[in-house]
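Everything on this sheet refers to the single structure shown next.
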Amino acid sequence: MLIAADKFKGSLTAVEVAEHVTAGLRRALPGLDVAAVPVADGGDGTVAAALAAGFTRHEARVTGPTGTPVTATFALREGASPAGGGTAVVEMAEASGLQHLPDGVFAPLTASTYGTGELLRAALDAGATSIVFGVGGSATTDGGAGMLAALGARLLDADGEPVAPGGGPLRELATVDLSGLDPRLATTRIVLASDVDNPLTGPKGAPAVYGPQKGASEADVATLDAALAHFAEVLAQAVGPRAAELALAPGAGAAGGIGYGALVALDAVFRPGIEVMLDVLGFAPALARATFVITGEGSLDAQTLHGKAPAGVAAAARAVGLEVAAVCGRLQLTPEALRAAGIRRAYALTDLEPDPARCMAEAGPLLERAAERLARDFLV
């Protein structure tokens, strides 16, 4: 049995999910051979999944989204890069995520990704020559401008002064000078891992789609959209027409547009987060030894089908002819949608405990009961 599930957000980490599922399976079948590869799709929990896969934990003190120092974690596996250095897994939410907003107060116009740039630099200092850059859960909508500034870029207004942090002040941007970017970036392979394929601006862009989740009013969204469009225009003066082309590229709108900054100035390559993470976490060798796969996440819903971890795991398992079942906190997919995604059946904790608060508080024991039921349905 191979357990390859994501976290149950707000209640269980991916590692804890695997532990409880294992306990439930073995309650039904003592001695069952179980392996676990906790997975993530590039969003929050990505570093935790890498650490569970044997990467080494590193910490750095960086600038949070509103300027308050925070401690951020990244993961490193030495000697794992094709270039001979280490492979780092960096999660931008560790530095610039919503969880770092003081007292939970949104700052839609001024929150900055500067700390994410500092975290990337810390990974370079640790010897990384390949970086998996997971983006999601951001408090920011600055197009990655803060990140670039932390890495050595100069973003100046008409008076030659650095523009203030955040997406809003980018409307004052006059010039971008990338000549001071950390030279190590030129020989570092950066993979932008995300399940978001939005462009930078417009009706489906970062401000319009994700700005309201970060506290942006309708007026703020308009301000941010115009500021990011202006950012792209000024960047085009520095790097040429590809800046405009990349503003429309899949992933440019990821995490408040930090995907755009990474694509344009760091030469990052965009890949669906779950595909990247399955490679990094050693999923293929584990799958080769499996006869049945269990995946899951907190909510199996329409979003799951668009690049989330369970869909990626199920697709990989189906490709080699293995059956897949899923566990989840709540289930909002029809049996037909599950089958189309390659999942035979899903077991929801809300079927065992309909009260959402109790379901989250008692997620571990409930998950063991669900796994025991799964084992009896498929394995006994």
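In the structure tokens, the first chain shown is A, the next is B, and so on; residue numbers restart at 1 for each chain, and ligands run from 1 in the order shown.
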Please tabulate, as a tab-separated table, the residues of range 127-152 of chain A that come within 8 Å of range 222-239 of chain A, each with its closest pair of atoms and the distance in Å to one decimal, counting only C-alpha atoms and ordering rows by chain, then residue number upward.
```
residue	atom	partner	partner_atom	distance
A:Thr141	CA	A:Leu224	CA	7.3
A:Asp142	CA	A:Leu228	CA	7.2
A:Gly143	CA	A:Leu228	CA	6.4
```
Dump N, CA, C and O atoms for the selected residues as a short mmCIF file (atom, residue, chain, number, x, y, z; two decimals), in the first residue's frame?
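Final file, result-v3.cif:
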```cif
data_model
loop_
_atom_site.label_atom_id
_atom_site.label_comp_id
_atom_site.auth_asym_id
_atom_site.auth_seq_id
_atom_site.Cartn_x
_atom_site.Cartn_y
_atom_site.Cartn_z
N THR A 141 0.64 41.12 -3.58
CA THR A 141 0.29 41.28 -4.99
C THR A 141 1.24 42.32 -5.57
O THR A 141 0.84 43.40 -6.01
N ASP A 142 2.53 41.99 -5.56
CA ASP A 142 3.53 42.96 -6.03
C ASP A 142 4.30 42.50 -7.26
O ASP A 142 5.32 43.08 -7.62
N GLY A 143 3.82 41.43 -7.91
CA GLY A 143 4.48 40.97 -9.13
C GLY A 143 5.87 40.42 -8.93
O GLY A 143 6.61 40.23 -9.88
#
```
| Leaving out range 126-130 of chain A and any residue of its chain fewer than 4 positions from it, which residues lie within 7 Å of it when counting only C-alpha atoms, given as a list of chain:residue names? | A:Ser81, A:Ala83, A:Gly85, A:Gly86, A:Thr87, A:Ala88, A:Ala122, A:Thr187, A:Thr188, A:Arg189, A:Ile190
Export, as a short mmCIF file (atom, residue, chain, number, x, y, z; two decimals), in the first residue's frame, the selected residues with N, CA, C and O atoms.
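Okay, this is what ended up in again-v4.cif:
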```
data_model
loop_
_atom_site.label_atom_id
_atom_site.label_comp_id
_atom_site.auth_asym_id
_atom_site.auth_seq_id
_atom_site.Cartn_x
_atom_site.Cartn_y
_atom_site.Cartn_z
N SER A 81 21.43 18.25 -7.28
CA SER A 81 21.22 19.03 -8.49
C SER A 81 22.04 18.48 -9.65
O SER A 81 23.19 18.07 -9.46
N ALA A 83 23.53 20.14 -11.66
CA ALA A 83 24.70 21.02 -11.79
C ALA A 83 25.77 20.71 -10.75
O ALA A 83 26.82 21.34 -10.74
N GLY A 85 25.47 20.92 -7.39
CA GLY A 85 25.22 21.47 -6.08
C GLY A 85 24.02 20.82 -5.43
O GLY A 85 23.71 19.66 -5.68
N GLY A 86 23.33 21.56 -4.58
CA GLY A 86 22.17 21.02 -3.91
C GLY A 86 20.87 21.45 -4.57
O GLY A 86 20.83 22.41 -5.35
N THR A 87 19.82 20.71 -4.28
CA THR A 87 18.47 21.08 -4.70
C THR A 87 17.72 21.59 -3.48
O THR A 87 17.62 20.89 -2.47
N ALA A 88 17.21 22.80 -3.57
CA ALA A 88 16.45 23.41 -2.48
C ALA A 88 14.98 23.45 -2.85
O ALA A 88 14.62 23.63 -4.02
N ALA A 122 19.17 32.90 0.69
CA ALA A 122 19.65 31.97 1.72
C ALA A 122 19.86 30.58 1.15
O ALA A 122 20.81 29.87 1.52
N THR A 187 23.40 30.75 -13.03
CA THR A 187 23.76 29.34 -13.14
C THR A 187 22.89 28.46 -12.25
O THR A 187 23.24 27.33 -11.95
N THR A 188 21.75 29.00 -11.82
CA THR A 188 20.83 28.26 -10.96
C THR A 188 19.56 27.94 -11.72
O THR A 188 18.95 28.83 -12.34
N ARG A 189 19.16 26.69 -11.70
CA ARG A 189 17.91 26.28 -12.35
C ARG A 189 16.77 26.49 -11.37
O ARG A 189 16.77 25.92 -10.27
N ILE A 190 15.81 27.32 -11.76
CA ILE A 190 14.66 27.61 -10.89
C ILE A 190 13.39 27.12 -11.57
O ILE A 190 13.09 27.50 -12.70
#
```
Counting only C-alpha atoms, which residues of range 135-216 of chain A fall within 10 Å of range 296-312 of chain A, and what is the closest atom pair for each with its distance in Å at one decimal, ordered by chain and rising number, as a Markdown table?
```
| residue | atom | partner | partner_atom | distance |
| --- | --- | --- | --- | --- |
| A:Ser194 | CA | A:Gly307 | CA | 8.4 |
| A:Asp195 | CA | A:Gly307 | CA | 5.2 |
| A:Val196 | CA | A:Gly307 | CA | 8.2 |
| A:Asp197 | CA | A:His306 | CA | 9.8 |
```
| Which residues, written as JSON, numbers by chain, have at least one atom at most 7 Å from range 256-267 of chain A, with only C-alpha atoms counted and residues fewer than 6 positions away on the same chain left out? | {"A": [138, 140, 141, 142, 143, 144, 145, 185, 192, 200, 206, 207, 243, 246, 247]}
Just N, CA, C and O atoms for this one: save the residues we selected as a PDB file, in the first residue's frame.
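Result file is selection-v2.pdb:
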```
ATOM      1  N   SER A 138       0.093  33.448  -0.631  1.00  0.00           N
ATOM      2  CA  SER A 138       0.793  34.714  -0.415  1.00  0.00           C
ATOM      3  C   SER A 138      -0.131  35.783   0.143  1.00  0.00           C
ATOM      4  O   SER A 138      -1.332  35.794  -0.107  1.00  0.00           O
ATOM      5  N   THR A 140       0.648  38.832  -0.727  1.00  0.00           N
ATOM      6  CA  THR A 140       1.198  39.899  -1.569  1.00  0.00           C
ATOM      7  C   THR A 140       0.579  39.937  -2.966  1.00  0.00           C
ATOM      8  O   THR A 140       0.100  38.925  -3.478  1.00  0.00           O
ATOM      9  N   THR A 141       0.638  41.125  -3.577  1.00  0.00           N
ATOM     10  CA  THR A 141       0.288  41.285  -4.990  1.00  0.00           C
ATOM     11  C   THR A 141       1.243  42.318  -5.573  1.00  0.00           C
ATOM     12  O   THR A 141       0.842  43.404  -6.007  1.00  0.00           O
ATOM     13  N   ASP A 142       2.529  41.994  -5.555  1.00  0.00           N
ATOM     14  CA  ASP A 142       3.532  42.963  -6.029  1.00  0.00           C
ATOM     15  C   ASP A 142       4.302  42.496  -7.258  1.00  0.00           C
ATOM     16  O   ASP A 142       5.322  43.079  -7.619  1.00  0.00           O
ATOM     17  N   GLY A 143       3.824  41.430  -7.912  1.00  0.00           N
ATOM     18  CA  GLY A 143       4.476  40.966  -9.132  1.00  0.00           C
ATOM     19  C   GLY A 143       5.874  40.422  -8.931  1.00  0.00           C
ATOM     20  O   GLY A 143       6.610  40.226  -9.885  1.00  0.00           O
ATOM     21  N   GLY A 144       6.244  40.179  -7.666  1.00  0.00           N
ATOM     22  CA  GLY A 144       7.599  39.726  -7.368  1.00  0.00           C
ATOM     23  C   GLY A 144       8.608  40.859  -7.303  1.00  0.00           C
ATOM     24  O   GLY A 144       9.811  40.616  -7.219  1.00  0.00           O
ATOM     25  N   ALA A 145       8.122  42.107  -7.291  1.00  0.00           N
ATOM     26  CA  ALA A 145       9.037  43.251  -7.271  1.00  0.00           C
ATOM     27  C   ALA A 145       9.908  43.238  -6.015  1.00  0.00           C
ATOM     28  O   ALA A 145      11.120  43.483  -6.081  1.00  0.00           O
ATOM     29  N   LEU A 185      22.370  33.479  -9.719  1.00  0.00           N
ATOM     30  CA  LEU A 185      21.096  33.125 -10.352  1.00  0.00           C
ATOM     31  C   LEU A 185      21.287  32.690 -11.796  1.00  0.00           C
ATOM     32  O   LEU A 185      20.514  31.883 -12.310  1.00  0.00           O
ATOM     33  N   LEU A 192       9.418  27.051 -11.256  1.00  0.00           N
ATOM     34  CA  LEU A 192       8.257  27.663 -10.619  1.00  0.00           C
ATOM     35  C   LEU A 192       7.170  26.601 -10.511  1.00  0.00           C
ATOM     36  O   LEU A 192       6.603  26.176 -11.513  1.00  0.00           O
ATOM     37  N   LEU A 200      -0.828  37.612 -15.545  1.00  0.00           N
ATOM     38  CA  LEU A 200      -0.504  38.624 -14.545  1.00  0.00           C
ATOM     39  C   LEU A 200      -1.674  39.561 -14.267  1.00  0.00           C
ATOM     40  O   LEU A 200      -1.997  39.824 -13.098  1.00  0.00           O
ATOM     41  N   ALA A 206      -3.887  38.154 -11.489  1.00  0.00           N
ATOM     42  CA  ALA A 206      -3.655  38.016 -10.055  1.00  0.00           C
ATOM     43  C   ALA A 206      -4.495  38.971  -9.208  1.00  0.00           C
ATOM     44  O   ALA A 206      -5.120  38.542  -8.230  1.00  0.00           O
ATOM     45  N   PRO A 207      -4.557  40.266  -9.517  1.00  0.00           N
ATOM     46  CA  PRO A 207      -5.361  41.149  -8.660  1.00  0.00           C
ATOM     47  C   PRO A 207      -6.847  40.815  -8.680  1.00  0.00           C
ATOM     48  O   PRO A 207      -7.498  40.767  -7.620  1.00  0.00           O
ATOM     49  N   ALA A 243       9.021  40.466 -21.880  1.00  0.00           N
ATOM     50  CA  ALA A 243       8.368  40.839 -20.621  1.00  0.00           C
ATOM     51  C   ALA A 243       6.863  40.930 -20.812  1.00  0.00           C
ATOM     52  O   ALA A 243       6.088  40.523 -19.945  1.00  0.00           O
ATOM     53  N   LEU A 246       5.518  37.288 -21.389  1.00  0.00           N
ATOM     54  CA  LEU A 246       5.465  36.465 -20.184  1.00  0.00           C
ATOM     55  C   LEU A 246       4.367  36.917 -19.224  1.00  0.00           C
ATOM     56  O   LEU A 246       3.942  36.146 -18.371  1.00  0.00           O
ATOM     57  N   ALA A 247       3.901  38.157 -19.357  1.00  0.00           N
ATOM     58  CA  ALA A 247       2.780  38.608 -18.524  1.00  0.00           C
ATOM     59  C   ALA A 247       1.520  37.808 -18.823  1.00  0.00           C
ATOM     60  O   ALA A 247       0.616  37.704 -17.985  1.00  0.00           O
TER      61      ALA A 247
END
```
| query | With only C-alpha atoms as the basis for distance, which of A:Gly166, A:Thr22, A:Arg184, A:Val132 is at the shortest distance from Pro272 in chain A? | reply |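 Ranked by minimum distance to Pro272 in chain A, first place goes to A:Val132.
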| Length of the CA of Leu124 in chain A to CA of Gly79 in chain A vector [Å] | 13.3 Å
| request: Would you please give, as number ranges by chain, all residues of range 202-252 of chain A that DSSP assigns to alpha helix (DSSP H) based on the backbone? | output: A: 206-210, 218-239, 242-246
Limited to C-alpha atoms, could you put the picked residues into a file as a tab-separated table (two decimals), in the first residue's frame?
```tsv
chain	number	residue	atom	x	y	z
A	206	ALA	CA	-3.66	38.02	-10.05
A	207	PRO	CA	-5.36	41.15	-8.66
A	208	ALA	CA	-8.84	40.35	-9.98
A	209	VAL	CA	-8.93	36.68	-9.02
A	210	TYR	CA	-6.85	36.55	-5.85
A	218	GLU	CA	-12.76	46.74	-5.77
A	219	ALA	CA	-10.78	49.99	-5.94
A	220	ASP	CA	-7.64	48.19	-4.68
A	221	VAL	CA	-8.00	45.56	-7.39
A	222	ALA	CA	-8.16	48.26	-10.06
A	223	THR	CA	-5.11	49.99	-8.56
A	224	LEU	CA	-3.12	46.77	-8.39
A	225	ASP	CA	-4.08	45.67	-11.88
A	226	ALA	CA	-2.94	49.00	-13.34
A	227	ALA	CA	0.24	48.98	-11.24
A	228	LEU	CA	1.22	45.47	-12.36
A	229	ALA	CA	0.49	46.33	-15.99
A	230	HIS	CA	2.78	49.33	-15.59
A	231	PHE	CA	5.40	47.10	-13.94
A	232	ALA	CA	5.35	44.86	-17.01
A	233	GLU	CA	5.75	47.87	-19.32
A	234	VAL	CA	8.77	49.16	-17.41
A	235	LEU	CA	10.31	45.67	-17.27
A	236	ALA	CA	9.93	45.46	-21.04
A	237	GLN	CA	12.26	48.46	-21.29
A	238	ALA	CA	14.86	46.47	-19.33
A	239	VAL	CA	14.55	42.99	-20.88
A	242	ARG	CA	9.42	38.98	-23.79
A	243	ALA	CA	8.37	40.84	-20.62
A	244	ALA	CA	5.01	41.57	-22.25
A	245	GLU	CA	4.73	38.01	-23.57
A	246	LEU	CA	5.46	36.47	-20.18
```
